[in-house]
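**Q** Structure file final-v1.cif (mmCIF, C-alpha atoms) right here:
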data_final
loop_
_atom_site.label_atom_id
_atom_site.label_comp_id
_atom_site.auth_asym_id
_atom_site.auth_seq_id
_atom_site.Cartn_x
_atom_site.Cartn_y
_atom_site.Cartn_z
CA MET A 783 -12.88 28.41 -1.87
CA ARG A 784 -15.52 31.10 -2.48
CA LYS A 785 -17.85 32.05 0.36
CA ASP A 786 -21.00 31.14 -1.58
CA ILE A 787 -19.64 27.67 -2.32
CA ARG A 788 -18.79 27.09 1.36
CA GLU A 789 -22.31 28.19 2.32
CA ARG A 790 -23.83 25.79 -0.24
CA ILE A 791 -21.77 22.91 1.08
CA ASP A 792 -22.92 23.68 4.63
CA ARG A 793 -26.56 23.82 3.51
CA ILE A 794 -26.34 20.48 1.71
CA LYS A 795 -24.69 18.94 4.79
CA ARG A 796 -27.70 20.12 6.80
CA GLY A 797 -30.04 18.47 4.28
CA GLU A 798 -31.24 21.74 2.78
CA VAL A 799 -31.74 22.05 -0.99
CA PRO A 800 -29.98 25.12 -2.48
CA GLU A 801 -31.27 26.89 -5.56
CA GLY A 802 -30.40 24.93 -8.70
CA TYR A 803 -30.37 21.60 -6.84
CA LYS A 804 -32.83 18.79 -6.17
CA LYS A 805 -33.28 15.98 -3.67
CA THR A 806 -32.96 12.45 -5.10
CA ARG A 807 -32.46 8.88 -3.90
CA LEU A 808 -28.72 9.60 -4.13
CA GLY A 809 -28.92 12.79 -2.14
CA ILE A 810 -28.93 16.42 -3.19
CA ILE A 811 -27.56 16.90 -6.72
CA PRO A 812 -27.71 19.59 -9.44
CA GLU A 813 -31.12 19.93 -11.15
CA SER A 814 -29.60 19.24 -14.58
CA TRP A 815 -28.12 15.91 -13.47
CA GLU A 816 -29.96 12.64 -13.94
CA VAL A 817 -30.16 9.59 -11.71
CA LYS A 818 -29.98 6.35 -13.69
CA ARG A 819 -29.34 2.70 -13.05
CA VAL A 820 -25.98 1.32 -14.17
CA LYS A 821 -27.63 -0.76 -16.92
CA GLU A 822 -29.13 2.43 -18.38
CA SER A 823 -25.79 4.24 -18.43
CA VAL A 824 -23.15 1.69 -19.49
CA ARG A 825 -22.93 -1.79 -21.01
CA ILE A 826 -21.79 -4.76 -18.95
CA ARG A 827 -19.95 -7.05 -21.38
CA ASN A 828 -19.22 -10.12 -19.27
CA ASN A 829 -19.62 -12.28 -22.35
CA LEU A 830 -16.16 -11.03 -23.36
CA ARG A 831 -14.48 -12.55 -20.30
CA THR A 832 -12.09 -15.47 -20.77
CA PRO A 833 -11.32 -17.64 -17.75
CA ILE A 834 -7.88 -19.23 -18.27
CA SER A 835 -6.16 -21.23 -15.53
CA LYS A 836 -2.61 -20.44 -14.45
CA GLU A 837 -1.47 -23.81 -15.79
CA VAL A 838 -2.86 -23.07 -19.24
CA ARG A 839 -1.43 -19.55 -19.22
CA GLU A 840 2.01 -21.02 -18.68
CA THR A 841 1.72 -22.65 -22.10
CA ILE A 842 0.50 -19.55 -23.99
CA LYS A 843 2.84 -16.78 -22.88
CA GLY A 844 2.78 -13.69 -25.07
CA GLU A 845 2.50 -9.90 -25.25
CA TYR A 846 -1.19 -9.30 -24.43
CA PRO A 847 -2.20 -8.50 -20.83
CA TYR A 848 -4.55 -10.85 -19.01
CA TYR A 849 -6.41 -8.86 -16.35
CA GLY A 850 -7.98 -9.72 -13.05
CA PRO A 851 -10.22 -7.19 -11.28
CA THR A 852 -7.40 -5.02 -9.90
CA GLN A 853 -4.23 -5.79 -11.86
CA ILE A 854 -2.57 -7.68 -14.70
CA GLN A 855 -2.42 -11.37 -13.85
CA ASP A 856 -0.28 -12.50 -16.77
CA TYR A 857 0.68 -11.92 -20.42
CA ILE A 858 -0.61 -14.33 -23.08
CA ASN A 859 -0.36 -14.76 -26.87
CA SER A 860 -3.95 -13.78 -27.76
CA TYR A 861 -6.66 -11.28 -26.80
CA THR A 862 -10.46 -11.23 -26.70
CA ILE A 863 -11.16 -7.51 -26.11
CA GLU A 864 -9.97 -4.44 -27.96
CA GLY A 865 -10.60 -0.85 -26.91
CA ALA A 866 -11.46 0.89 -23.63
CA SER A 867 -13.17 -0.84 -20.70
CA VAL A 868 -13.45 -0.36 -16.98
CA LEU A 869 -13.11 -3.39 -14.73
CA ILE A 870 -14.83 -3.74 -11.38
CA GLY A 871 -14.44 -6.80 -9.18
CA GLU A 872 -17.12 -9.47 -9.05
CA ASP A 873 -15.96 -11.20 -5.87
CA GLY A 874 -13.46 -10.81 -3.03
CA ASP A 875 -13.05 -8.88 0.20
CA HIS A 876 -11.87 -5.65 -1.46
CA PHE A 877 -15.44 -4.32 -1.27
CA LEU A 878 -14.84 -3.76 2.46
CA LYS A 879 -11.76 -1.62 1.75
CA TYR A 880 -13.35 0.80 -0.68
CA ARG A 881 -12.13 3.89 1.21
CA ASP A 882 -8.47 2.99 0.69
CA LYS A 883 -8.51 0.65 -2.32
CA GLU A 884 -9.71 1.57 -5.79
CA MET A 885 -12.67 -0.57 -6.84
CA THR A 886 -12.32 0.17 -10.57
CA MET A 887 -9.55 0.01 -13.17
CA TYR A 888 -9.39 1.56 -16.64
CA VAL A 889 -7.88 -0.64 -19.38
CA ASP A 890 -7.37 -0.07 -23.10
CA GLY A 891 -5.69 -1.66 -26.12
CA LYS A 892 -5.75 -5.42 -26.78
CA TYR A 893 -6.24 -7.66 -23.76
CA SER A 894 -8.28 -10.38 -22.05
CA VAL A 895 -10.11 -10.40 -18.70
CA ASN A 896 -10.71 -13.26 -16.30
CA ASN A 897 -14.10 -14.16 -14.82
CA HIS A 898 -13.54 -12.30 -11.52
CA ALA A 899 -14.14 -8.86 -13.00
CA HIS A 900 -17.16 -7.24 -14.64
CA VAL A 901 -16.27 -5.68 -18.00
CA ILE A 902 -17.88 -2.25 -18.36
CA GLN A 903 -18.03 -0.46 -21.72
CA GLU A 904 -19.41 2.83 -22.88
CA ARG A 905 -22.95 3.75 -23.78
CA GLY A 906 -23.97 6.97 -25.52
CA ASP A 907 -24.68 9.35 -22.63
CA CYS A 908 -22.05 8.12 -20.15
CA ASP A 909 -18.29 8.36 -20.54
CA ILE A 910 -16.66 5.12 -19.42
CA LYS A 911 -14.25 7.07 -17.21
CA TRP A 912 -17.21 8.73 -15.49
CA PHE A 913 -18.31 5.27 -14.39
CA MET A 914 -14.74 4.52 -13.28
CA TYR A 915 -14.51 7.57 -11.02
CA ILE A 916 -18.08 7.26 -9.69
CA PHE A 917 -17.39 3.71 -8.49
CA GLN A 918 -13.72 4.09 -7.64
CA HIS A 919 -14.31 4.50 -3.89
CA ARG A 920 -18.03 3.80 -3.68
CA ASN A 921 -19.51 1.78 -0.84
CA LEU A 922 -21.21 -1.19 -2.50
CA PHE A 923 -21.93 -3.14 0.67
CA ASN A 924 -25.73 -2.99 0.21
CA SER A 925 -25.39 -4.51 -3.27
CA ILE A 926 -23.11 -7.45 -2.49
CA THR A 927 -23.93 -10.91 -1.18
CA ARG A 928 -21.80 -13.02 1.13
CA GLN A 929 -20.29 -16.20 -0.27
CA GLY A 930 -18.85 -17.95 2.77
CA ALA A 931 -16.41 -16.59 5.33
CA GLY A 932 -14.77 -13.39 4.13
CA ARG A 933 -15.96 -13.77 0.53
CA TYR A 934 -18.34 -11.30 -1.07
CA LYS A 935 -19.89 -11.17 -4.52
CA LEU A 936 -21.25 -8.36 -6.68
CA THR A 937 -23.42 -10.10 -9.26
CA LYS A 938 -24.12 -8.64 -12.67
CA ASP A 939 -27.80 -8.33 -11.77
CA SER A 940 -26.97 -6.39 -8.59
CA LEU A 941 -24.52 -4.12 -10.40
CA GLU A 942 -27.08 -3.31 -13.12
CA LYS A 943 -29.58 -2.12 -10.50
CA ILE A 944 -27.26 0.32 -8.73
CA TYR A 945 -28.15 3.99 -9.22
CA MET A 946 -25.58 6.56 -10.31
CA CYS A 947 -25.54 10.31 -11.07
CA VAL A 948 -25.13 11.27 -14.71
CA PRO A 949 -24.50 14.90 -15.72
CA ASP A 950 -24.41 15.91 -19.35
CA ARG A 951 -21.52 14.58 -21.39
CA LYS A 952 -19.65 17.88 -21.52
CA GLU A 953 -19.62 18.27 -17.74
CA GLN A 954 -18.53 14.63 -17.33
CA GLU A 955 -15.56 15.25 -19.61
CA ARG A 956 -14.50 18.40 -17.77
CA ILE A 957 -14.63 16.64 -14.39
CA ILE A 958 -12.76 13.65 -15.80
CA GLU A 959 -10.05 15.99 -17.12
CA ILE A 960 -9.49 17.42 -13.63
CA LEU A 961 -9.33 14.00 -11.96
CA GLU A 962 -7.01 12.65 -14.66
CA LYS A 963 -4.51 15.37 -13.78
CA TYR A 964 -4.47 14.08 -10.21
CA ASP A 965 -3.99 10.54 -11.53
CA LEU A 966 -1.08 11.68 -13.68
CA ILE A 967 0.65 13.28 -10.69
CA ILE A 968 0.00 10.17 -8.58
CA ASP A 969 1.41 7.92 -11.31
CA LEU A 970 4.54 10.06 -11.66
CA MET A 971 5.08 10.06 -7.90
CA LYS A 972 4.70 6.27 -7.77
CA LYS A 973 7.27 5.90 -10.53
CA LYS A 974 9.64 8.24 -8.74
CA SER A 975 9.19 6.28 -5.48
CA LYS A 976 9.95 3.01 -7.29
CA TYR A 977 13.07 4.59 -8.78
CA VAL A 978 14.32 5.84 -5.39
CA ILE A 979 13.59 2.46 -3.75
CA LYS A 980 15.48 0.72 -6.56
CA ALA A 981 18.36 3.18 -6.17
CA LYS A 982 18.52 2.49 -2.42
CA LYS A 983 18.59 -1.24 -3.09
CA TRP A 984 21.51 -0.72 -5.48
CA LEU A 985 23.31 1.35 -2.84
CA MET A 986 22.81 -1.36 -0.23
CA GLN A 987 24.01 -4.12 -2.56
CA ASN A 988 27.15 -2.18 -3.41
CA LEU A 989 28.07 -0.05 -0.37
CA LEU A 990 27.36 -2.74 2.25
CA THR A 991 29.44 -5.31 0.40
CA GLY A 992 32.39 -3.09 -0.49
CA LYS A 993 31.80 -3.45 -4.23
CA ARG A 994 31.65 0.35 -4.35
CA ARG A 995 33.56 2.59 -1.94
CA LEU A 996 32.74 6.11 -0.87
CA ALA A 997 35.36 8.71 -1.70
CA GLY A 998 38.25 8.84 0.75
CA PHE A 999 37.95 5.30 2.14
CA HIS A 1000 40.44 2.61 1.17
CA SER A 1001 41.12 0.41 4.22
CA LEU A 1002 40.38 -3.32 4.17
CA TRP A 1003 37.16 -4.64 5.67
CA GLU A 1004 37.35 -7.03 8.62
CA LYS A 1005 35.25 -10.18 9.06
CA VAL A 1006 33.77 -10.39 12.59
CA LEU A 1007 31.03 -12.27 14.41
CA ILE A 1008 27.98 -10.37 15.60
CA LYS A 1009 28.65 -11.49 19.18
CA ASP A 1010 31.97 -9.59 19.04
CA ILE A 1011 30.31 -6.24 18.31
CA VAL A 1012 27.12 -6.34 20.42
CA LEU A 1013 26.14 -6.43 24.08
CA GLU A 1014 23.07 -8.03 25.59
CA GLY A 1015 20.04 -5.74 25.62
CA SER A 1016 18.02 -4.77 28.68
CA LYS A 1017 16.89 -7.67 30.82
CA GLU A 1018 14.57 -5.59 32.95
CA LYS A 1019 11.67 -7.99 33.31
CA VAL A 1020 8.10 -6.73 33.66
CA ASP A 1021 5.65 -8.31 36.06
CA ASP A 1022 2.57 -6.17 35.33
CA ILE A 1023 2.55 -5.80 31.54
CA LYS A 1024 -0.70 -3.81 31.65
CA ALA A 1025 1.23 -0.88 33.08
CA TYR A 1026 3.38 -0.59 29.93
CA LYS A 1027 2.90 0.03 26.25
CA LYS A 1028 3.64 -3.08 24.20
CA ILE A 1029 5.34 -2.96 20.83
CA LYS A 1030 6.01 -5.20 17.86
CA ILE A 1031 8.34 -4.95 14.86
CA LYS A 1032 6.78 -4.31 11.49
CA LEU A 1033 7.82 -6.54 8.62
CA ASN A 1034 9.83 -5.42 5.60
CA PHE A 1035 12.03 -3.19 7.77
CA GLY A 1036 9.05 -0.97 8.53
CA GLY A 1037 10.15 0.03 12.03
CA ILE A 1038 8.15 -0.44 15.23
CA GLU A 1039 4.49 0.01 16.12
CA PHE A 1040 2.41 -0.08 19.28
CA LEU A 1041 0.16 -3.02 20.02
CA ASN A 1042 -3.36 -2.07 21.10
CA THR A 1043 -4.00 -5.55 22.42
CA CYS A 1044 -1.93 -8.61 23.15
CA ARG A 1045 -3.05 -12.20 22.76
CA LYS A 1046 -3.49 -14.15 25.95
CA MET A 1047 -0.96 -16.71 24.76
CA ALA A 1048 1.61 -13.98 24.18
CA ASP A 1049 0.80 -12.37 27.53
CA THR A 1050 2.05 -15.50 29.31
CA ARG A 1051 5.56 -15.04 27.87
CA PRO A 1052 8.21 -12.98 29.68
CA PHE A 1053 8.20 -9.30 28.71
CA TYR A 1054 11.20 -6.98 28.91
CA VAL A 1055 11.64 -3.22 28.86
CA ARG A 1056 13.27 -1.98 25.67
CA LYS A 1057 15.67 0.92 25.80
CA LYS A 1058 16.52 3.63 23.26
CA GLY A 1059 19.29 2.56 20.88
CA GLU A 1060 18.72 -1.19 21.16
CA ILE A 1061 18.49 -3.26 17.99
CA ILE A 1062 15.53 -5.61 18.26
CA VAL A 1063 15.08 -8.68 16.05
CA GLY A 1064 12.00 -10.90 15.71
CA LYS A 1065 13.01 -14.55 16.03
CA GLN A 1066 10.20 -15.84 13.79
CA ASN A 1067 10.07 -13.00 11.27
CA TYR A 1068 13.65 -11.82 10.83
CA PHE A 1069 13.66 -13.39 7.37
CA HIS A 1070 10.61 -11.20 6.55
CA GLY A 1071 12.45 -8.06 7.62
CA SER A 1072 11.52 -7.98 11.32
CA ILE A 1073 14.34 -5.80 12.62
CA ALA A 1074 14.46 -2.24 13.94
CA ILE A 1075 16.20 0.22 16.27
CA VAL A 1076 14.35 1.48 19.34
CA ASP A 1077 14.19 5.25 19.07
CA GLU A 1078 13.12 7.88 21.58
CA GLU A 1079 9.40 7.38 20.86
CA PHE A 1080 9.55 3.73 21.91
CA ASP A 1081 12.02 4.09 24.79
CA GLY A 1082 10.63 2.32 27.87
CA THR A 1083 8.12 0.18 25.98
CA ILE A 1084 8.04 -3.60 26.29
CA CYS A 1085 8.08 -6.65 24.05
CA SER A 1086 8.13 -10.39 24.67
CA ASN A 1087 11.11 -12.71 24.60
CA ALA A 1088 10.06 -13.66 21.03
CA ILE A 1089 12.06 -10.55 20.12
CA MET A 1090 15.81 -10.45 20.73
CA SER A 1091 17.49 -7.25 21.88
CA PHE A 1092 21.10 -6.06 21.57
CA LEU A 1093 23.19 -2.96 22.13
CA VAL A 1094 25.99 -2.22 19.67
CA LYS A 1095 29.53 -1.56 20.90
CA GLU A 1096 29.86 2.00 19.66
CA ASN A 1097 33.67 1.98 19.59
CA CYS A 1098 33.74 -0.65 16.82
CA CYS A 1099 30.37 -0.56 15.03
CA ASP A 1100 27.72 1.97 14.07
CA LYS A 1101 24.26 0.66 15.00
CA TYR A 1102 22.64 2.11 11.86
CA PHE A 1103 25.26 0.50 9.64
CA LEU A 1104 24.61 -2.83 11.40
CA LEU A 1105 20.85 -2.39 10.94
CA TYR A 1106 21.25 -1.82 7.20
CA TYR A 1107 23.76 -4.66 6.91
CA LEU A 1108 21.42 -7.14 8.61
CA SER A 1109 18.55 -5.90 6.43
CA GLN A 1110 20.13 -7.02 3.16
CA THR A 1111 17.86 -9.51 1.43
CA ASP A 1112 20.83 -11.44 0.03
CA TYR A 1113 22.41 -11.63 3.47
CA ILE A 1114 19.20 -12.91 5.09
CA ASN A 1115 18.66 -15.51 2.39
CA LYS A 1116 22.10 -17.01 3.05
CA LYS A 1117 21.26 -17.69 6.68
CA SER A 1118 19.59 -20.85 7.95
CA PHE A 1119 16.66 -21.05 10.35
CA PHE A 1120 15.18 -23.94 12.30
CA ALA A 1121 11.49 -24.86 12.50
CA ASN A 1122 9.84 -24.38 15.88
CA GLY A 1123 6.99 -26.44 17.30
CA THR A 1124 4.43 -24.79 15.01
CA GLY A 1125 6.47 -25.47 11.88
CA GLN A 1126 7.38 -21.80 11.49
CA LYS A 1127 10.90 -20.75 10.64
CA GLU A 1128 12.63 -19.32 13.68
CA LEU A 1129 15.97 -17.67 14.31
CA SER A 1130 18.06 -19.01 17.19
CA GLU A 1131 19.63 -16.29 19.31
CA ASN A 1132 22.87 -18.28 19.50
CA ASP A 1133 22.94 -18.72 15.71
CA PHE A 1134 22.29 -15.02 15.25
CA LEU A 1135 25.19 -14.06 17.51
CA ASN A 1136 27.46 -16.31 15.47
CA PHE A 1137 26.52 -14.79 12.11
CA ASP A 1138 29.58 -13.26 10.47
CA ILE A 1139 29.64 -9.83 8.86
CA ARG A 1140 32.29 -7.70 7.16
CA LEU A 1141 33.02 -4.33 8.74
CA PRO A 1142 34.88 -1.35 7.29
CA GLU A 1143 36.45 1.22 9.62
CA LEU A 1144 33.99 3.04 11.88
CA GLU A 1145 34.04 6.31 9.92
CA GLU A 1146 33.19 4.51 6.68
CA GLN A 1147 30.36 2.68 8.45
CA LYS A 1148 28.89 6.01 9.55
CA ALA A 1149 29.28 7.50 6.08
CA ILE A 1150 27.53 4.52 4.43
CA ALA A 1151 24.73 4.62 7.01
CA GLN A 1152 24.27 8.34 6.33
CA VAL A 1153 23.91 7.75 2.56
CA LEU A 1154 21.29 5.06 3.14
CA ALA A 1155 19.48 7.15 5.75
CA THR A 1156 19.25 9.99 3.23
CA ALA A 1157 17.65 7.58 0.75
CA ASP A 1158 15.20 6.45 3.45
CA ARG A 1159 14.22 10.05 4.20
CA GLU A 1160 13.56 10.69 0.50
CA ILE A 1161 11.43 7.53 0.29
CA GLU A 1162 9.46 8.57 3.38
CA LEU A 1163 8.97 12.12 2.03
CA LEU A 1164 7.69 10.78 -1.30
CA LYS A 1165 5.35 8.44 0.58
CA LYS A 1166 3.89 11.35 2.56
CA GLN A 1167 3.55 13.50 -0.56
CA LEU A 1168 1.81 10.65 -2.38
CA GLU A 1169 -0.66 10.16 0.49
CA GLN A 1170 -1.34 13.89 0.54
CA ILE A 1171 -2.13 14.10 -3.19
CA LYS A 1172 -4.36 11.02 -2.85
CA ARG A 1173 -6.29 12.75 -0.06
CA GLU A 1174 -6.63 15.88 -2.18
CA LYS A 1175 -7.94 13.82 -5.10
CA LYS A 1176 -10.51 12.04 -2.91
CA ALA A 1177 -11.69 15.37 -1.49
CA MET A 1178 -12.05 16.75 -5.02
CA MET A 1179 -13.95 13.62 -6.10
CA GLN A 1180 -16.41 14.03 -3.22
CA LEU A 1181 -17.18 17.56 -4.36
CA LEU A 1182 -17.17 17.20 -8.15
CA LEU A 1183 -18.75 13.75 -8.57
CA THR A 1184 -21.74 14.74 -6.46
CA GLY A 1185 -22.15 18.18 -8.04
CA ILE A 1186 -21.76 19.92 -4.67
CA VAL A 1187 -19.14 22.01 -6.45
CA ARG A 1188 -19.65 22.57 -10.17
CA VAL A 1189 -16.64 22.23 -12.42
CA ASP A 1190 -16.83 25.87 -13.58
CA GLU A 1191 -16.78 27.07 -9.97
CA LYS A 1192 -13.66 25.20 -8.87
#
Could the structure of this file be written out as structure tokens, please?
**A**
Amino acid sequence: MRKDIRERIDRIKRGEVPEGYKKTRLGIIPESWEVKRVKESVRIRNNLRTPISKEVRETIKGEYPYYGPTQIQDYINSYTIEGASVLIGEDGDHFLKYRDKEMTMYVDGKYSVNNHAHVIQERGDCDIKWFMYIFQHRNLFNSITRQGAGRYKLTKDSLEKIYMCVPDRKEQERIIEILEKYDLIIDLMKKKSKYVIKAKKWLMQNLLTGKRRLAGFHSLWEKVLIKDIVLEGSKEKVDDIKAYKKIKIKLNFGGIEFLNTCRKMADTRPFYVRKKGEIIVGKQNYFHGSIAIVDEEFDGTICSNAIMSFLVKENCCDKYFLLYYLSQTDYINKKSFFANGTGQKELSENDFLNFDIRLPELEEQKAIAQVLATADREIELLKKQLEQIKREKKAMMQLLLTGIVRVDEK
């Protein structure tokens, strides 16, 4: 970034007005930009909305998308809107998550919209995508009203009164072009991530069941019980749990995370020290993917007896193969769970130990685990790359959509 641009940014942060800029109710913006209310810049076409219940939609399935405020809700056999619109939610708690969630969505073609989204269409001096980007991560808290616990509403009247910056049409289009390139990259990366996740699922369904064999392996698989290949995990009980870091298992096979706090009810349960290499399984949430291996980062942490812990007999089973095997959705769905006192499904430790699995020879187990671990690393890398490009886009939006950096200076 050029030195003069950095100096301008610093001046604006200090509240100073650089040459070619002006102070407005929306902050310091370029002199050539205007500040207008939403109703002066775009048209709100809520008369085009079509509320249709889920029951009715079941009877009119078709090819045309039926949108809610953030995604397609269904496909039906008719449409009420044709052409480009931007949708922004009318109610919900997403207004509180504006930093991470996109508040607006661009739609085009033939479609219908339910009554939970405002339908925004273009007016002469404002490109509809300019509105989309301006409000994509905008804090609207001062314009919304509360509708009961956790429910918020952005009325049409409130939306119309919100002020927004409007540069000339040419500059809007040039900024939009830059941001659309980021969106294209993000979309491609999301598609690639979905493909890799789907490929991993295929690998699990085939390699963990023996439907497909890795080159060089031909021996028969053996059916065993889990209790025959595991040992009991650490039973080192903790008296003063405040002296330790507590952990929980994320759902959907997301690994482990630290707990900042622990509920008083949970604090009354026995807590045990968890050791590196143990497989830990949540009794209540195993069927939601609550299973993980304790790695070096979490060695010496503690969790309650609501989480089972086992060590794998290394001479007959690879712990990573076992983790992947027990993570199969089809495998989990075949297992039965009992309801505890709260009515939640819960996994009995005795039942778990008596689950049967099919094991190939140890070397094949390790080879399969390595293939799946490689897929996991690729998924994690794509996730990090996606988050990075999203951060870059948001940083660019903060500079371009406020005029702090002009599009011809970038």
**Q** Just so the selection is clear, what residues does the PyMOL selection byres ((chain A and resi 814) around 8) cover here, as an NGL selection string?
**A** :A and (812-813 or 815-816 or 949-950)
**Q** Go through A:Ala1177, A:Gly809, A:Asp1138, A:Ser1086 and flag the residue nearest Asp1021 in chain A, using all atoms listed in the file for the distances.
**A**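 Smallest distance to Asp1021 in chain A is found for A:Ser1086.
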**Q** List the residues matched by the PyMOL selection byres ((chain A and resi 908) around 8) in the displayed structure as JSON, numbers by chain, ordered by chain and then by residue number.
**A** {"A": [823, 824, 904, 905, 906, 907, 909, 910, 912, 913, 948, 951, 954]}
**Q** What does the PyMOL selection byres ((chain A and resi 942) around 10) select in this file, as a list of chain:residue names?
**A**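 Residues picked by the PyMOL selection byres ((chain A and resi 942) around 10): A:Arg819, A:Val820, A:Lys821, A:Glu822, A:Ser823, A:Val824, A:Arg825, A:Ile826, A:Thr937, A:Lys938, A:Asp939, A:Ser940, A:Leu941, A:Lys943, A:Ile944, A:Tyr945.
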**Q** Set the distance at 6 Å and use all atoms listed in the file: which residues neighbour range 882-896 of chain A once local chain neighbours fewer than 2 positions away are removed? I'd like the list as an NGL selection string.
**A** :A and (831-833 or 846-850 or 861-870 or 879-880 or 898 or 914 or 918-919)
**Q** Between CA of Asn1115 in chain A and CA of Ala1157 in chain A, measure the distance and give it in Å to one decimal.
**A**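 Atom-to-atom, CA of Asn1115 in chain A to CA of Ala1157 in chain A, that is 23.2 Å.
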**Q** For a test of reading the model, state the distance in Å between CA of Glu1162 in chain A and CA of Ser975 in chain A, rounded to one decimal.
**A** 9.2 Å
**Q** Would you list the contacts of Ile1171 in chain A as a PDB file with C-alpha atoms, keeping the file's coordinate frame, taking every protein, DNA or RNA residue within 12 Å and counting only C-alpha atoms, but skipping same-chain residues closer than 6 positions in sequence?
**A**
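That gives us selection_3.pdb:
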ATOM      1  CA  LEU A 961      -9.330  14.000 -11.960  1.00  0.00           C
ATOM      2  CA  LYS A 963      -4.510  15.370 -13.780  1.00  0.00           C
ATOM      3  CA  TYR A 964      -4.470  14.080 -10.210  1.00  0.00           C
ATOM      4  CA  ASP A 965      -3.990  10.540 -11.530  1.00  0.00           C
ATOM      5  CA  LEU A 966      -1.080  11.680 -13.680  1.00  0.00           C
ATOM      6  CA  ILE A 967       0.650  13.280 -10.690  1.00  0.00           C
ATOM      7  CA  ILE A 968       0.000  10.170  -8.580  1.00  0.00           C
ATOM      8  CA  ASP A 969       1.410   7.920 -11.310  1.00  0.00           C
ATOM      9  CA  LEU A 970       4.540  10.060 -11.660  1.00  0.00           C
ATOM     10  CA  MET A 971       5.080  10.060  -7.900  1.00  0.00           C
ATOM     11  CA  LYS A 972       4.700   6.270  -7.770  1.00  0.00           C
ATOM     12  CA  LEU A1164       7.690  10.780  -1.300  1.00  0.00           C
ATOM     13  CA  LYS A1165       5.350   8.440   0.580  1.00  0.00           C
ATOM     14  CA  ALA A1177     -11.690  15.370  -1.490  1.00  0.00           C
ATOM     15  CA  MET A1178     -12.050  16.750  -5.020  1.00  0.00           C
TER      16      MET A1178
END
**Q** Just want the 9 Å neighbourhood of Gln1110 in chain A, counted on only C-alpha atoms, with same-chain residues fewer than 3 positions away dropped. Output as a list in words.
**A** Lys983, Met986, Gln987, Leu990, Gly1071, Tyr1106, Tyr1107, Tyr1113, Ile1114 and Asn1115 of chain A
**Q** List every protein, DNA or RNA residue that has an atom no more than 9 Å from (11.8, -3.5, 10.7) in the file's coordinate frame, counting only C-alpha atoms, and report them as an MDAnalysis selection string.
**A** chainID A and resid 1031:1038 1062:1064 1068 1070:1075 1109
**Q** Between CA of Lys1019 in chain A and CA of Phe1080 in chain A, what is the spacing in Å?
**A**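 Separation of CA of Phe1080 in chain A and CA of Lys1019 in chain A: 16.5 Å.
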**Q** Using all atoms listed in the file, which of the listed residues (A:Arg784, A:Arg1051, A:Lys1148, A:Lys836) sits closest to Tyr1102 in chain A?
**A**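 Once distances to Tyr1102 in chain A are computed over all atoms listed in the file, the minimum belongs to A:Lys1148.
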**Q** Could you check which of A:Cys1099, A:Val1055, A:Leu808, A:Val1153 is closest to Ile1084 in chain A, using all atoms listed in the file?
**A** A:Val1055
**Q** Every residue with an atom at most 9 Å from (-22.0, 21.9, -7.9) (file coordinates; only C-alpha atoms) is what I'm after, so could you write them as a list in words?
**A** Ile787, Arg790, Gly802, Tyr803, Ile811, Pro812, Leu1181, Leu1182, Leu1183, Thr1184, Gly1185, Ile1186, Val1187, Arg1188, Val1189, Asp1190 and Glu1191 of chain A
**Q** Which residue is closest to Arg994 in chain A? Choose from A:Ile1150, A:Glu1039, A:Lys1175, A:Lys1095 and count only C-alpha atoms.
**A**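 Between A:Ile1150, A:Glu1039, A:Lys1175, A:Lys1095, the residue approaching Arg994 in chain A most closely is A:Ile1150.
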**Q** Excluding Ile1023 in chain A and residues on its chain fewer than 5 positions from it, collect all residues at most 10 Å away from it, counting only C-alpha atoms, and give them as a PyMOL selection string.
**A** chain A and resi 1028+1044+1049-1050+1052-1055+1083-1086
**Q** Out of A:Lys1058, A:Lys1065, A:Lys1116, A:Lys805, which residue has the shortest atom-to-atom distance to Lys1101 in chain A when counting only C-alpha atoms?
**A**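 Of the candidates, the smallest distance to Lys1101 in chain A is held by A:Lys1058.
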**Q** With only C-alpha atoms as the counted atoms, please give the residues lying no more than 9 Å from Ile834 in chain A, apart from itself and same-chain residues fewer than 3 positions off, as a PyMOL selection string.
**A** chain A and resi 837-839+896-897
**Q** Between A:Glu959, A:Glu1004, A:Glu1145, A:Asp1081, single out the one closest to Phe1103 in chain A, counting all atoms listed in the file.
**A**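 Among A:Glu959, A:Glu1004, A:Glu1145, A:Asp1081, it is A:Glu1145 that comes nearest to Phe1103 in chain A.
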**Q** Reconstruct N, CA and C atoms of range 1049-1053 of chain A; output as a short mmCIF file (atom, residue, chain, number, x, y, z; two decimals), in the frame of the given file.
**A**
data_model
loop_
_atom_site.label_atom_id
_atom_site.label_comp_id
_atom_site.auth_asym_id
_atom_site.auth_seq_id
_atom_site.Cartn_x
_atom_site.Cartn_y
_atom_site.Cartn_z
N ASP A 1049 0.70 -13.01 26.22
CA ASP A 1049 0.80 -12.37 27.53
C ASP A 1049 1.45 -13.28 28.56
N THR A 1050 1.45 -14.57 28.35
CA THR A 1050 2.05 -15.50 29.31
C THR A 1050 3.56 -15.57 29.16
N ARG A 1051 4.12 -15.00 28.10
CA ARG A 1051 5.56 -15.04 27.87
C ARG A 1051 6.21 -13.94 28.69
N PRO A 1052 7.49 -14.07 29.00
CA PRO A 1052 8.21 -12.98 29.68
C PRO A 1052 8.27 -11.73 28.81
N PHE A 1053 8.08 -10.57 29.42
CA PHE A 1053 8.20 -9.30 28.71
C PHE A 1053 9.34 -8.49 29.33
#
